[in-house]
Amino acid sequence: MSKTRIIMHGCNGAMGQVISRLAAEDENVEIVAGLDIADKGLYDYPVYVNPVDCQSPADVIVDFSVAPAVDGLLDFALEKKLPLVLCTTGLTPEQLARVDEAAKVIPVLRSANMSLGVNMVFKLAAAAAQVLAKSGYDIEIVEKHHNKKVDAPSGTALAIADAMNEVLDHEYTYKLDRSQVRERRDPKEIGIQSVRGGNIVGEHEVLFCGTDEVVEIRHTAYSKAIFGKGAIKAAVFLKDQAPGMYSMADVIG
C-alpha cells in the first residue's frame, strides 16, 4: 500500500507538531508539505505561508489551526479537490455552512474530538442513554481540562450530550450553571460541569444517576498524541472516499 501523502495545515501549532512527529514514525503516511503563518524551520518538509504557493502532490489535508484560517483553507482544498480532515473548532455558522457546501464537492471529515476512545464514548453514552434515561436516570457530564483552555464547556462534552440527546429525540436541555437559580433538577436535562486546572489534557465523565446506583462512562487523555493518532487514521480513511461529510464514527466503523 502506498503512503498517504498529507498536507499539514497549522503545522507550527501544538497539534501540528505532534502529528508531524507521529507521521515521521508511521510507515503508512508522509507529510509532504505544511501550511502556516511562517516557516520556523521545524521540519524537513516545505512550509508555505500562502496556500496557493503549495504545489506538492498530496492525497489529503489535515487541519489543526484557528477558525479565521479555515476560509482560505476551504478555498485551497476545493481548488485542489483534496479531501479535508477538519479539526479546528469554534467555526462560525457561516463557516459551518461553507464546510457543508464543500462536502458536496470533496470528502470532509469533521469531528469535535479526534480520539478513537472519545468517539467510542459517544457510542457508549448514546446506547446507555437509550436504556437508562428512559428509566428515569439523571444524566450529568463532568469535563476537566488544563488551565489554559478558554472555552467551557468543552466541545467534546457538548458532542457527548448531543450524541445522547439525538437518541432521546432532542427532548433534553443542557444545564451549564446551577448557581443562578435555586430550583430542583429538571428530569429532562443534561448537566454539564467544567473544571479547569494544571495541565490536565482532558477528562470526560458521563454519569447516569439512578435510585441506589450510578453508572459511569469515563475517558482520560494522558497526552495529545491520541488526537494526532486519530487524525492520521482519519486521513488514511478519507483519501479514498467519495465527496460527502464524514465523522470519526465512520473511521471506527
# chains A, B, ... in the order shown; residues from 1 in each chain; ligands from 1

call {"tool": "closest_atom_pairs", "arguments": {"of": "region 6-117 of chain A", "to": "region 216-234 of chain A", "cutoff": "7 Å", "atoms": "only C-alpha atoms", "output": "Markdown table"}}
result
| residue | atom | partner | partner_atom | distance |
| --- | --- | --- | --- | --- |
| A:Met15 | CA | A:Gly228 | CA | 6.8 |
| A:Val18 | CA | A:Gly228 | CA | 6.3 |
| A:Ile19 | CA | A:Gly228 | CA | 5.0 |
| A:Val85 | CA | A:Ala234 | CA | 6.9 |
| A:Met114 | CA | A:Phe227 | CA | 4.9 |
| A:Ser115 | CA | A:Phe227 | CA | 4.7 |
| A:Leu116 | CA | A:Gly230 | CA | 5.9 |

call {"tool": "write_last_selection", "arguments": {"atoms": "all heavy atoms", "output": "compact mmCIF listing (two decimals), in the first residue's frame"}}
result
# COMPACT_ATOMS: atom_id res chain seq x y z
N MET A 15 -0.63 20.77 17.99
CA MET A 15 -1.08 19.52 17.37
C MET A 15 -0.37 19.28 16.05
O MET A 15 -0.11 18.13 15.68
CB MET A 15 -2.59 19.55 17.17
CG MET A 15 -3.39 19.25 18.42
SD MET A 15 -2.91 17.70 19.24
CE MET A 15 -3.03 16.53 17.90
N VAL A 18 2.76 17.59 16.97
CA VAL A 18 2.51 16.21 17.40
C VAL A 18 2.27 15.30 16.20
O VAL A 18 2.85 14.21 16.09
CB VAL A 18 1.30 16.15 18.36
CG1 VAL A 18 0.86 14.71 18.59
CG2 VAL A 18 1.65 16.80 19.69
N ILE A 19 1.43 15.75 15.27
CA ILE A 19 1.11 14.93 14.10
C ILE A 19 2.34 14.76 13.22
O ILE A 19 2.57 13.67 12.66
CB ILE A 19 -0.06 15.56 13.32
CG1 ILE A 19 -1.33 15.48 14.16
CG2 ILE A 19 -0.26 14.87 11.98
CD1 ILE A 19 -2.51 16.24 13.57
N VAL A 85 -9.48 16.68 6.41
CA VAL A 85 -9.76 16.31 7.79
C VAL A 85 -9.74 17.61 8.59
O VAL A 85 -8.68 18.19 8.83
CB VAL A 85 -8.72 15.32 8.35
CG1 VAL A 85 -9.01 15.00 9.81
CG2 VAL A 85 -8.70 14.04 7.51
N MET A 114 -10.74 14.00 17.93
CA MET A 114 -10.16 13.02 17.02
C MET A 114 -9.75 11.73 17.71
O MET A 114 -9.30 10.79 17.06
CB MET A 114 -8.93 13.62 16.32
CG MET A 114 -9.23 14.85 15.49
SD MET A 114 -10.56 14.61 14.29
CE MET A 114 -9.81 13.38 13.22
N SER A 115 -9.89 11.66 19.02
CA SER A 115 -9.52 10.44 19.75
C SER A 115 -10.47 9.30 19.42
O SER A 115 -11.70 9.47 19.46
CB SER A 115 -9.55 10.72 21.26
OG SER A 115 -9.69 9.53 21.99
N LEU A 116 -9.92 8.13 19.11
CA LEU A 116 -10.76 6.96 18.85
C LEU A 116 -11.53 6.58 20.11
O LEU A 116 -12.69 6.19 20.05
CB LEU A 116 -9.90 5.79 18.38
CG LEU A 116 -9.15 6.00 17.06
CD1 LEU A 116 -8.30 4.76 16.74
CD2 LEU A 116 -10.12 6.26 15.92

call {"tool": "closest_atom_pairs", "arguments": {"of": "region 52-106 of chain A", "to": "region 24-34 of chain A", "cutoff": "8 Å", "atoms": "only C-alpha atoms", "output": "JSON lines"}}
result
{"residue": "A:Cys54", "atom": "CA", "partner": "A:Ala33", "partner_atom": "CA", "distance": 7.6}
{"residue": "A:Ser56", "atom": "CA", "partner": "A:Ala33", "partner_atom": "CA", "distance": 6.6}
{"residue": "A:Pro57", "atom": "CA", "partner": "A:Val32", "partner_atom": "CA", "distance": 7.7}
{"residue": "A:Ala58", "atom": "CA", "partner": "A:Val32", "partner_atom": "CA", "distance": 7.0}

call {"tool": "select_by_dssp", "arguments": {"residues": "region 24-159 of chain A", "states": "strand (DSSP E or B)", "output": "count of residues only"}}
result
28

call {"tool": "closest_residue", "arguments": {"among": "A:Gly198, A:Leu73, A:Gln130, A:Met120", "to": "Ala102 (chain A)", "atoms": "only C-alpha atoms"}}
result
A:Leu73

call {"tool": "residues_around", "arguments": {"residues": "Val206 (chain A)", "least_positions_apart": "4", "cutoff": "10 Å", "atoms": "only C-alpha atoms", "output": "PyMOL selection string"}}
result
chain A and resi 121+125+139-143+157+160-161+190-192+215-219

call {"tool": "residues_around", "arguments": {"residues": "Ala133 (chain A)", "least_positions_apart": "6", "cutoff": "12 Å", "atoms": "only C-alpha atoms", "output": "ChimeraX atom specification"}}
result
/A:125-127,139-140,164-165,167-169,171-172,187-190,207-210,215

call {"tool": "write_last_selection", "arguments": {"atoms": "all heavy atoms", "output": "compact mmCIF listing (two decimals), in the first residue's frame"}}
result
# COMPACT_ATOMS: atom_id res chain seq x y z
N ALA A 125 -22.22 6.19 25.35
CA ALA A 125 -23.12 7.07 26.07
C ALA A 125 -24.50 7.10 25.44
O ALA A 125 -25.52 7.10 26.13
CB ALA A 125 -22.53 8.48 26.14
N ALA A 126 -24.53 7.12 24.12
CA ALA A 126 -25.82 7.12 23.43
C ALA A 126 -26.58 5.83 23.69
O ALA A 126 -27.80 5.84 23.94
CB ALA A 126 -25.61 7.32 21.93
N ALA A 127 -25.87 4.71 23.65
CA ALA A 127 -26.52 3.42 23.90
C ALA A 127 -27.04 3.34 25.33
O ALA A 127 -28.15 2.85 25.58
CB ALA A 127 -25.54 2.29 23.63
N ILE A 139 -28.80 12.47 34.04
CA ILE A 139 -27.55 12.44 33.26
C ILE A 139 -26.73 13.68 33.58
O ILE A 139 -27.22 14.81 33.48
CB ILE A 139 -27.83 12.38 31.75
CG1 ILE A 139 -28.74 11.21 31.40
CG2 ILE A 139 -26.50 12.28 30.99
CD1 ILE A 139 -29.16 11.19 29.94
N GLU A 140 -25.49 13.46 33.96
CA GLU A 140 -24.55 14.56 34.22
C GLU A 140 -23.24 14.28 33.50
O GLU A 140 -22.79 13.12 33.40
CB GLU A 140 -24.28 14.70 35.72
CG GLU A 140 -25.47 15.14 36.54
CD GLU A 140 -25.74 16.63 36.40
OE1 GLU A 140 -24.78 17.42 36.39
OE2 GLU A 140 -26.93 16.99 36.30
N MET A 164 -26.21 11.78 22.97
CA MET A 164 -27.27 11.23 23.80
C MET A 164 -28.61 11.85 23.46
O MET A 164 -29.63 11.15 23.34
CB MET A 164 -26.93 11.43 25.28
CG MET A 164 -25.73 10.63 25.75
SD MET A 164 -25.50 10.68 27.54
CE MET A 164 -24.94 12.39 27.76
N ASN A 165 -28.63 13.16 23.29
CA ASN A 165 -29.88 13.86 23.02
C ASN A 165 -30.49 13.43 21.69
O ASN A 165 -31.72 13.41 21.54
CB ASN A 165 -29.65 15.37 23.02
CG ASN A 165 -30.87 16.15 23.48
OD1 ASN A 165 -31.86 15.58 23.93
ND2 ASN A 165 -30.79 17.46 23.37
N VAL A 167 -30.51 10.42 20.37
CA VAL A 167 -31.27 9.18 20.52
C VAL A 167 -32.44 9.36 21.49
O VAL A 167 -33.31 8.48 21.58
CB VAL A 167 -30.37 8.01 21.00
CG1 VAL A 167 -29.24 7.77 20.02
CG2 VAL A 167 -29.81 8.27 22.40
N LEU A 168 -32.48 10.50 22.18
CA LEU A 168 -33.58 10.80 23.10
C LEU A 168 -34.56 11.80 22.48
O LEU A 168 -35.28 12.50 23.18
CB LEU A 168 -33.02 11.35 24.42
CG LEU A 168 -32.13 10.38 25.21
CD1 LEU A 168 -31.50 11.07 26.41
CD2 LEU A 168 -32.92 9.15 25.65
N ASP A 169 -34.54 11.85 21.13
CA ASP A 169 -35.48 12.69 20.37
C ASP A 169 -35.38 14.17 20.72
O ASP A 169 -36.36 14.91 20.65
CB ASP A 169 -36.93 12.21 20.59
CG ASP A 169 -37.15 10.78 20.13
OD1 ASP A 169 -36.57 10.40 19.10
OD2 ASP A 169 -37.87 10.04 20.82
N GLU A 171 -35.25 15.76 23.41
CA GLU A 171 -36.18 16.20 24.45
C GLU A 171 -35.45 16.86 25.63
O GLU A 171 -36.12 17.44 26.50
CB GLU A 171 -36.99 15.02 24.96
CG GLU A 171 -37.94 14.42 23.91
CD GLU A 171 -38.73 13.24 24.46
OE1 GLU A 171 -38.41 12.80 25.60
OE2 GLU A 171 -39.66 12.78 23.78
N TYR A 172 -34.13 16.77 25.68
CA TYR A 172 -33.37 17.24 26.84
C TYR A 172 -32.76 18.60 26.58
O TYR A 172 -32.33 18.92 25.46
CB TYR A 172 -32.27 16.24 27.20
CG TYR A 172 -32.78 15.03 27.97
CD1 TYR A 172 -33.67 14.14 27.38
CD2 TYR A 172 -32.38 14.80 29.28
CE1 TYR A 172 -34.16 13.04 28.08
CE2 TYR A 172 -32.85 13.71 29.99
CZ TYR A 172 -33.74 12.84 29.38
OH TYR A 172 -34.22 11.76 30.08
N PRO A 187 -35.99 16.72 35.28
CA PRO A 187 -35.68 15.35 34.84
C PRO A 187 -35.22 15.29 33.38
O PRO A 187 -34.50 14.37 33.00
CB PRO A 187 -37.01 14.62 35.03
CG PRO A 187 -37.76 15.41 36.04
CD PRO A 187 -37.37 16.83 35.80
N LYS A 188 -35.62 16.28 32.58
CA LYS A 188 -35.26 16.27 31.16
C LYS A 188 -34.13 17.25 30.89
O LYS A 188 -34.21 18.08 29.97
CB LYS A 188 -36.49 16.62 30.31
CG LYS A 188 -37.55 15.53 30.27
CD LYS A 188 -37.03 14.30 29.53
CE LYS A 188 -38.12 13.23 29.39
NZ LYS A 188 -39.15 13.62 28.43
N GLU A 189 -33.07 17.17 31.68
CA GLU A 189 -31.89 18.00 31.43
C GLU A 189 -30.62 17.16 31.55
O GLU A 189 -30.59 16.14 32.24
CB GLU A 189 -31.83 19.18 32.40
CG GLU A 189 -31.44 18.82 33.82
CD GLU A 189 -31.43 20.03 34.74
OE1 GLU A 189 -32.19 20.99 34.49
OE2 GLU A 189 -30.66 20.02 35.73
N ILE A 190 -29.61 17.61 30.84
CA ILE A 190 -28.27 17.03 30.95
C ILE A 190 -27.37 18.11 31.55
O ILE A 190 -27.17 19.17 30.96
CB ILE A 190 -27.72 16.60 29.58
CG1 ILE A 190 -28.61 15.50 28.98
CG2 ILE A 190 -26.28 16.10 29.71
CD1 ILE A 190 -28.22 15.12 27.55
N LEU A 207 -22.21 10.52 33.84
CA LEU A 207 -22.83 9.88 35.00
C LEU A 207 -24.31 9.65 34.73
O LEU A 207 -25.03 10.60 34.37
CB LEU A 207 -22.68 10.74 36.25
CG LEU A 207 -21.27 11.17 36.65
CD1 LEU A 207 -21.33 12.17 37.79
CD2 LEU A 207 -20.45 9.95 37.06
N PHE A 208 -24.76 8.43 34.90
CA PHE A 208 -26.18 8.10 34.85
C PHE A 208 -26.60 7.76 36.28
O PHE A 208 -26.22 6.71 36.81
CB PHE A 208 -26.43 6.92 33.91
CG PHE A 208 -26.06 7.20 32.48
CD1 PHE A 208 -24.79 6.90 32.01
CD2 PHE A 208 -26.97 7.77 31.60
CE1 PHE A 208 -24.43 7.14 30.70
CE2 PHE A 208 -26.62 8.03 30.28
CZ PHE A 208 -25.35 7.72 29.83
N CYS A 209 -27.32 8.68 36.90
CA CYS A 209 -27.60 8.59 38.33
C CYS A 209 -29.03 8.13 38.56
O CYS A 209 -29.99 8.87 38.28
CB CYS A 209 -27.38 9.94 39.01
SG CYS A 209 -25.75 10.66 38.68
N GLY A 210 -29.16 6.91 39.06
CA GLY A 210 -30.47 6.37 39.35
C GLY A 210 -30.67 6.20 40.84
O GLY A 210 -29.87 6.66 41.65
N VAL A 215 -24.14 4.69 37.17
CA VAL A 215 -23.35 4.10 36.08
C VAL A 215 -22.46 5.20 35.51
O VAL A 215 -22.94 6.30 35.21
CB VAL A 215 -24.26 3.53 34.98
CG1 VAL A 215 -23.43 2.98 33.83
CG2 VAL A 215 -25.18 2.45 35.54

call {"tool": "residues_around", "arguments": {"residues": "Ser154 (chain A)", "least_positions_apart": "4", "cutoff": "9 Å", "atoms": "only C-alpha atoms", "output": "PyMOL selection string"}}
result
chain A and resi 143-145+149+158-159+194

call {"tool": "write_last_selection", "arguments": {"atoms": "all heavy atoms", "output": "PDB file, in the first residue's frame"}}
result
ATOM      1  N   GLU A 143     -16.426  17.564  32.806  1.00  0.00           N
ATOM      2  CA  GLU A 143     -15.227  17.598  31.950  1.00  0.00           C
ATOM      3  C   GLU A 143     -14.150  18.423  32.633  1.00  0.00           C
ATOM      4  O   GLU A 143     -14.434  19.436  33.271  1.00  0.00           O
ATOM      5  CB  GLU A 143     -15.565  18.108  30.548  1.00  0.00           C
ATOM      6  CG  GLU A 143     -16.190  19.499  30.482  1.00  0.00           C
ATOM      7  CD  GLU A 143     -15.186  20.609  30.250  1.00  0.00           C
ATOM      8  OE1 GLU A 143     -13.964  20.346  30.259  1.00  0.00           O
ATOM      9  OE2 GLU A 143     -15.629  21.755  30.075  1.00  0.00           O
ATOM     10  N   LYS A 144     -12.894  17.965  32.475  1.00  0.00           N
ATOM     11  CA  LYS A 144     -11.752  18.623  33.107  1.00  0.00           C
ATOM     12  C   LYS A 144     -10.670  18.874  32.058  1.00  0.00           C
ATOM     13  O   LYS A 144     -10.347  17.976  31.263  1.00  0.00           O
ATOM     14  CB  LYS A 144     -11.175  17.736  34.219  1.00  0.00           C
ATOM     15  CG  LYS A 144     -12.188  17.325  35.284  1.00  0.00           C
ATOM     16  CD  LYS A 144     -11.570  16.338  36.268  1.00  0.00           C
ATOM     17  CE  LYS A 144     -12.598  15.822  37.260  1.00  0.00           C
ATOM     18  NZ  LYS A 144     -12.022  14.821  38.193  1.00  0.00           N
ATOM     19  N   HIS A 145     -10.110  20.077  32.081  1.00  0.00           N
ATOM     20  CA  HIS A 145      -9.034  20.432  31.160  1.00  0.00           C
ATOM     21  C   HIS A 145      -8.022  21.343  31.847  1.00  0.00           C
ATOM     22  O   HIS A 145      -8.259  21.839  32.952  1.00  0.00           O
ATOM     23  CB  HIS A 145      -9.586  21.112  29.905  1.00  0.00           C
ATOM     24  CG  HIS A 145     -10.248  20.163  28.954  1.00  0.00           C
ATOM     25  ND1 HIS A 145     -11.570  19.794  29.076  1.00  0.00           N
ATOM     26  CD2 HIS A 145      -9.762  19.483  27.876  1.00  0.00           C
ATOM     27  CE1 HIS A 145     -11.875  18.944  28.107  1.00  0.00           C
ATOM     28  NE2 HIS A 145     -10.798  18.746  27.367  1.00  0.00           N
ATOM     29  N   LYS A 149      -7.128  26.420  28.798  1.00  0.00           N
ATOM     30  CA  LYS A 149      -8.296  26.268  27.924  1.00  0.00           C
ATOM     31  C   LYS A 149      -9.303  27.371  28.233  1.00  0.00           C
ATOM     32  O   LYS A 149      -9.710  27.552  29.378  1.00  0.00           O
ATOM     33  CB  LYS A 149      -8.942  24.899  28.114  1.00  0.00           C
ATOM     34  CG  LYS A 149     -10.081  24.608  27.139  1.00  0.00           C
ATOM     35  CD  LYS A 149     -10.559  23.163  27.257  1.00  0.00           C
ATOM     36  CE  LYS A 149     -11.697  22.860  26.297  1.00  0.00           C
ATOM     37  NZ  LYS A 149     -11.302  23.015  24.891  1.00  0.00           N
ATOM     38  N   LEU A 158     -20.013  18.784  24.885  1.00  0.00           N
ATOM     39  CA  LEU A 158     -21.231  19.106  24.147  1.00  0.00           C
ATOM     40  C   LEU A 158     -21.551  18.034  23.116  1.00  0.00           C
ATOM     41  O   LEU A 158     -22.722  17.694  22.898  1.00  0.00           O
ATOM     42  CB  LEU A 158     -21.088  20.472  23.471  1.00  0.00           C
ATOM     43  CG  LEU A 158     -21.075  21.675  24.412  1.00  0.00           C
ATOM     44  CD1 LEU A 158     -20.708  22.939  23.647  1.00  0.00           C
ATOM     45  CD2 LEU A 158     -22.414  21.839  25.101  1.00  0.00           C
ATOM     46  N   ALA A 159     -20.508  17.480  22.491  1.00  0.00           N
ATOM     47  CA  ALA A 159     -20.727  16.428  21.497  1.00  0.00           C
ATOM     48  C   ALA A 159     -21.275  15.158  22.151  1.00  0.00           C
ATOM     49  O   ALA A 159     -22.113  14.456  21.569  1.00  0.00           O
ATOM     50  CB  ALA A 159     -19.427  16.125  20.757  1.00  0.00           C
ATOM     51  N   SER A 194     -17.754  22.046  34.273  1.00  0.00           N
ATOM     52  CA  SER A 194     -16.391  22.207  33.773  1.00  0.00           C
ATOM     53  C   SER A 194     -15.412  22.467  34.914  1.00  0.00           C
ATOM     54  O   SER A 194     -15.712  23.225  35.834  1.00  0.00           O
ATOM     55  CB  SER A 194     -16.320  23.366  32.775  1.00  0.00           C
ATOM     56  OG  SER A 194     -17.163  23.134  31.665  1.00  0.00           O
TER      57      SER A 194
END

call {"tool": "residues_around", "arguments": {"residues": "Ser111 (chain A)", "least_positions_apart": "3", "cutoff": "7 Å", "atoms": "only C-alpha atoms", "output": "list in words"}}
result
Cys87, Met114, Ser247 and Met248 of chain A

call {"tool": "write_last_selection", "arguments": {"atoms": "N, CA and C atoms", "output": "mmCIF file, in the first residue's frame"}}
result
data_model
loop_
_atom_site.group_PDB
_atom_site.id
_atom_site.type_symbol
_atom_site.label_atom_id
_atom_site.label_comp_id
_atom_site.auth_asym_id
_atom_site.auth_seq_id
_atom_site.Cartn_x
_atom_site.Cartn_y
_atom_site.Cartn_z
ATOM 1 N N CYS A 87 -10.159 19.670 11.828
ATOM 2 C CA CYS A 87 -10.122 19.507 13.281
ATOM 3 C C CYS A 87 -10.264 20.821 14.038
ATOM 4 N N MET A 114 -10.743 14.000 17.934
ATOM 5 C CA MET A 114 -10.162 13.017 17.021
ATOM 6 C C MET A 114 -9.748 11.728 17.708
ATOM 7 N N SER A 247 -17.422 11.501 9.762
ATOM 8 C CA SER A 247 -17.048 11.745 11.138
ATOM 9 C C SER A 247 -16.150 10.590 11.589
ATOM 10 N N MET A 248 -15.635 10.700 12.813
ATOM 11 C CA MET A 248 -14.797 9.617 13.336
ATOM 12 C C MET A 248 -15.583 8.330 13.528
#

call {"tool": "residues_around", "arguments": {"residues": "Asp71 (chain A)", "least_positions_apart": "3", "cutoff": "12 Å", "atoms": "only C-alpha atoms", "output": "list in words"}}
result
Pro51, Asp63, Ser65, Val66, Ala67, Pro68, Leu74, Asp75, Phe76, Ala77, Leu78, Leu86, Thr88, Leu91, Thr92, Glu94, Gln95, Leu96, Ala97, Arg98, Val99 and Ala102 of chain A

call {"tool": "select_by_dssp", "arguments": {"residues": "region 20-84 of chain A", "states": "alpha helix (DSSP H)", "output": "list in words"}}
result
Ser20, Arg21, Leu22, Ala23, Ala24, Val70, Asp71, Gly72, Leu73, Leu74, Asp75, Phe76, Ala77, Leu78, Glu79 and Lys80 of chain A

call {"tool": "write_last_selection", "arguments": {"atoms": "all heavy atoms", "output": "short mmCIF file (atom, residue, chain, number, x, y, z; two decimals), in the first residue's frame"}}
result
data_model
loop_
_atom_site.label_atom_id
_atom_site.label_comp_id
_atom_site.auth_asym_id
_atom_site.auth_seq_id
_atom_site.Cartn_x
_atom_site.Cartn_y
_atom_site.Cartn_z
N SER A 20 3.15 15.79 13.09
CA SER A 20 4.37 15.68 12.29
C SER A 20 5.32 14.64 12.88
O SER A 20 5.92 13.85 12.15
CB SER A 20 5.07 17.04 12.22
OG SER A 20 4.27 17.99 11.52
N ARG A 21 5.43 14.62 14.19
CA ARG A 21 6.28 13.62 14.85
C ARG A 21 5.72 12.21 14.65
O ARG A 21 6.46 11.28 14.32
CB ARG A 21 6.40 13.93 16.34
CG ARG A 21 7.16 12.87 17.13
CD ARG A 21 7.33 13.26 18.59
NE ARG A 21 6.08 13.55 19.25
CZ ARG A 21 5.25 12.60 19.70
NH1 ARG A 21 5.54 11.32 19.53
NH2 ARG A 21 4.13 12.94 20.31
N LEU A 22 4.42 12.06 14.83
CA LEU A 22 3.81 10.73 14.67
C LEU A 22 3.91 10.24 13.23
O LEU A 22 4.16 9.06 12.98
CB LEU A 22 2.34 10.79 15.11
CG LEU A 22 2.08 11.01 16.60
CD1 LEU A 22 0.60 11.25 16.83
CD2 LEU A 22 2.56 9.81 17.41
N ALA A 23 3.71 11.16 12.28
CA ALA A 23 3.77 10.77 10.88
C ALA A 23 5.17 10.32 10.48
O ALA A 23 5.34 9.40 9.67
CB ALA A 23 3.33 11.94 10.00
N ALA A 24 6.19 10.95 11.08
CA ALA A 24 7.56 10.56 10.78
C ALA A 24 7.86 9.14 11.25
O ALA A 24 8.78 8.48 10.73
CB ALA A 24 8.53 11.54 11.42
N VAL A 70 -9.64 29.02 8.33
CA VAL A 70 -10.37 27.94 7.66
C VAL A 70 -10.95 28.39 6.32
O VAL A 70 -11.03 27.58 5.38
CB VAL A 70 -11.47 27.39 8.59
CG1 VAL A 70 -12.43 26.47 7.84
CG2 VAL A 70 -10.83 26.64 9.76
N ASP A 71 -11.31 29.65 6.18
CA ASP A 71 -11.88 30.11 4.91
C ASP A 71 -10.89 29.92 3.76
O ASP A 71 -11.23 29.38 2.70
CB ASP A 71 -12.29 31.58 5.02
CG ASP A 71 -13.48 31.77 5.95
OD1 ASP A 71 -14.48 31.05 5.79
OD2 ASP A 71 -13.38 32.61 6.86
N GLY A 72 -9.65 30.38 3.98
CA GLY A 72 -8.63 30.20 2.94
C GLY A 72 -8.32 28.74 2.71
O GLY A 72 -8.06 28.32 1.57
N LEU A 73 -8.37 27.93 3.75
CA LEU A 73 -8.12 26.50 3.61
C LEU A 73 -9.18 25.84 2.75
O LEU A 73 -8.87 25.01 1.89
CB LEU A 73 -8.08 25.84 4.99
CG LEU A 73 -7.97 24.32 5.00
CD1 LEU A 73 -6.64 23.88 4.39
CD2 LEU A 73 -8.12 23.76 6.40
N LEU A 74 -10.45 26.21 2.95
CA LEU A 74 -11.52 25.64 2.13
C LEU A 74 -11.34 26.00 0.67
O LEU A 74 -11.54 25.16 -0.22
CB LEU A 74 -12.88 26.14 2.64
CG LEU A 74 -13.35 25.55 3.98
CD1 LEU A 74 -14.61 26.28 4.45
CD2 LEU A 74 -13.62 24.06 3.84
N ASP A 75 -10.94 27.23 0.40
CA ASP A 75 -10.67 27.65 -0.99
C ASP A 75 -9.59 26.76 -1.60
O ASP A 75 -9.72 26.28 -2.74
CB ASP A 75 -10.22 29.11 -1.04
CG ASP A 75 -11.33 30.07 -0.65
OD1 ASP A 75 -12.51 29.70 -0.75
OD2 ASP A 75 -10.99 31.21 -0.24
N PHE A 76 -8.51 26.53 -0.83
CA PHE A 76 -7.39 25.73 -1.31
C PHE A 76 -7.82 24.28 -1.55
O PHE A 76 -7.51 23.68 -2.59
CB PHE A 76 -6.25 25.79 -0.30
CG PHE A 76 -5.08 24.91 -0.61
CD1 PHE A 76 -4.21 25.22 -1.64
CD2 PHE A 76 -4.84 23.77 0.14
CE1 PHE A 76 -3.12 24.40 -1.93
CE2 PHE A 76 -3.76 22.95 -0.13
CZ PHE A 76 -2.88 23.26 -1.17
N ALA A 77 -8.54 23.70 -0.59
CA ALA A 77 -8.96 22.30 -0.71
C ALA A 77 -9.88 22.10 -1.90
O ALA A 77 -9.77 21.10 -2.63
CB ALA A 77 -9.65 21.86 0.58
N LEU A 78 -10.77 23.04 -2.12
CA LEU A 78 -11.70 22.92 -3.24
C LEU A 78 -10.98 23.08 -4.57
O LEU A 78 -11.27 22.37 -5.54
CB LEU A 78 -12.81 23.97 -3.11
CG LEU A 78 -13.84 23.70 -2.01
CD1 LEU A 78 -14.70 24.93 -1.76
CD2 LEU A 78 -14.70 22.50 -2.37
N GLU A 79 -10.03 24.02 -4.63
CA GLU A 79 -9.27 24.22 -5.87
C GLU A 79 -8.47 22.97 -6.23
O GLU A 79 -8.43 22.56 -7.39
CB GLU A 79 -8.32 25.41 -5.72
CG GLU A 79 -7.47 25.66 -6.95
CD GLU A 79 -6.39 26.71 -6.71
OE1 GLU A 79 -6.44 27.39 -5.67
OE2 GLU A 79 -5.50 26.82 -7.57
N LYS A 80 -7.86 22.34 -5.21
CA LYS A 80 -7.04 21.16 -5.45
C LYS A 80 -7.84 19.85 -5.45
O LYS A 80 -7.29 18.79 -5.74
CB LYS A 80 -5.95 21.06 -4.37
CG LYS A 80 -4.98 22.23 -4.35
CD LYS A 80 -4.13 22.27 -5.61
CE LYS A 80 -3.09 23.38 -5.52
NZ LYS A 80 -2.25 23.45 -6.76
#

call {"tool": "closest_residue", "arguments": {"among": "A:Leu82, A:Val47, A:Cys11, A:Ala38", "to": "Asp240 (chain A)", "atoms": "only C-alpha atoms"}}
result
A:Leu82

call {"tool": "closest_residue", "arguments": {"among": "A:Asp151, A:Ala249, A:His146, A:Tyr43", "to": "Lys123 (chain A)", "atoms": "only C-alpha atoms"}}
result
A:Ala249

call {"tool": "closest_residue", "arguments": {"among": "A:Met8, A:Ala163, A:Val251, A:Ala103", "to": "Ala128 (chain A)", "atoms": "only C-alpha atoms"}}
result
A:Ala163

call {"tool": "atom_distance", "arguments": {"atom1": "CA of Val60 (chain A)", "atom2": "CA of Val118 (chain A)"}}
result
23.1 Å

call {"tool": "closest_residue", "arguments": {"among": "A:Gly117, A:Gly16, A:Pro46, A:Pro83", "to": "Met245 (chain A)", "atoms": "only C-alpha atoms"}}
result
A:Pro83
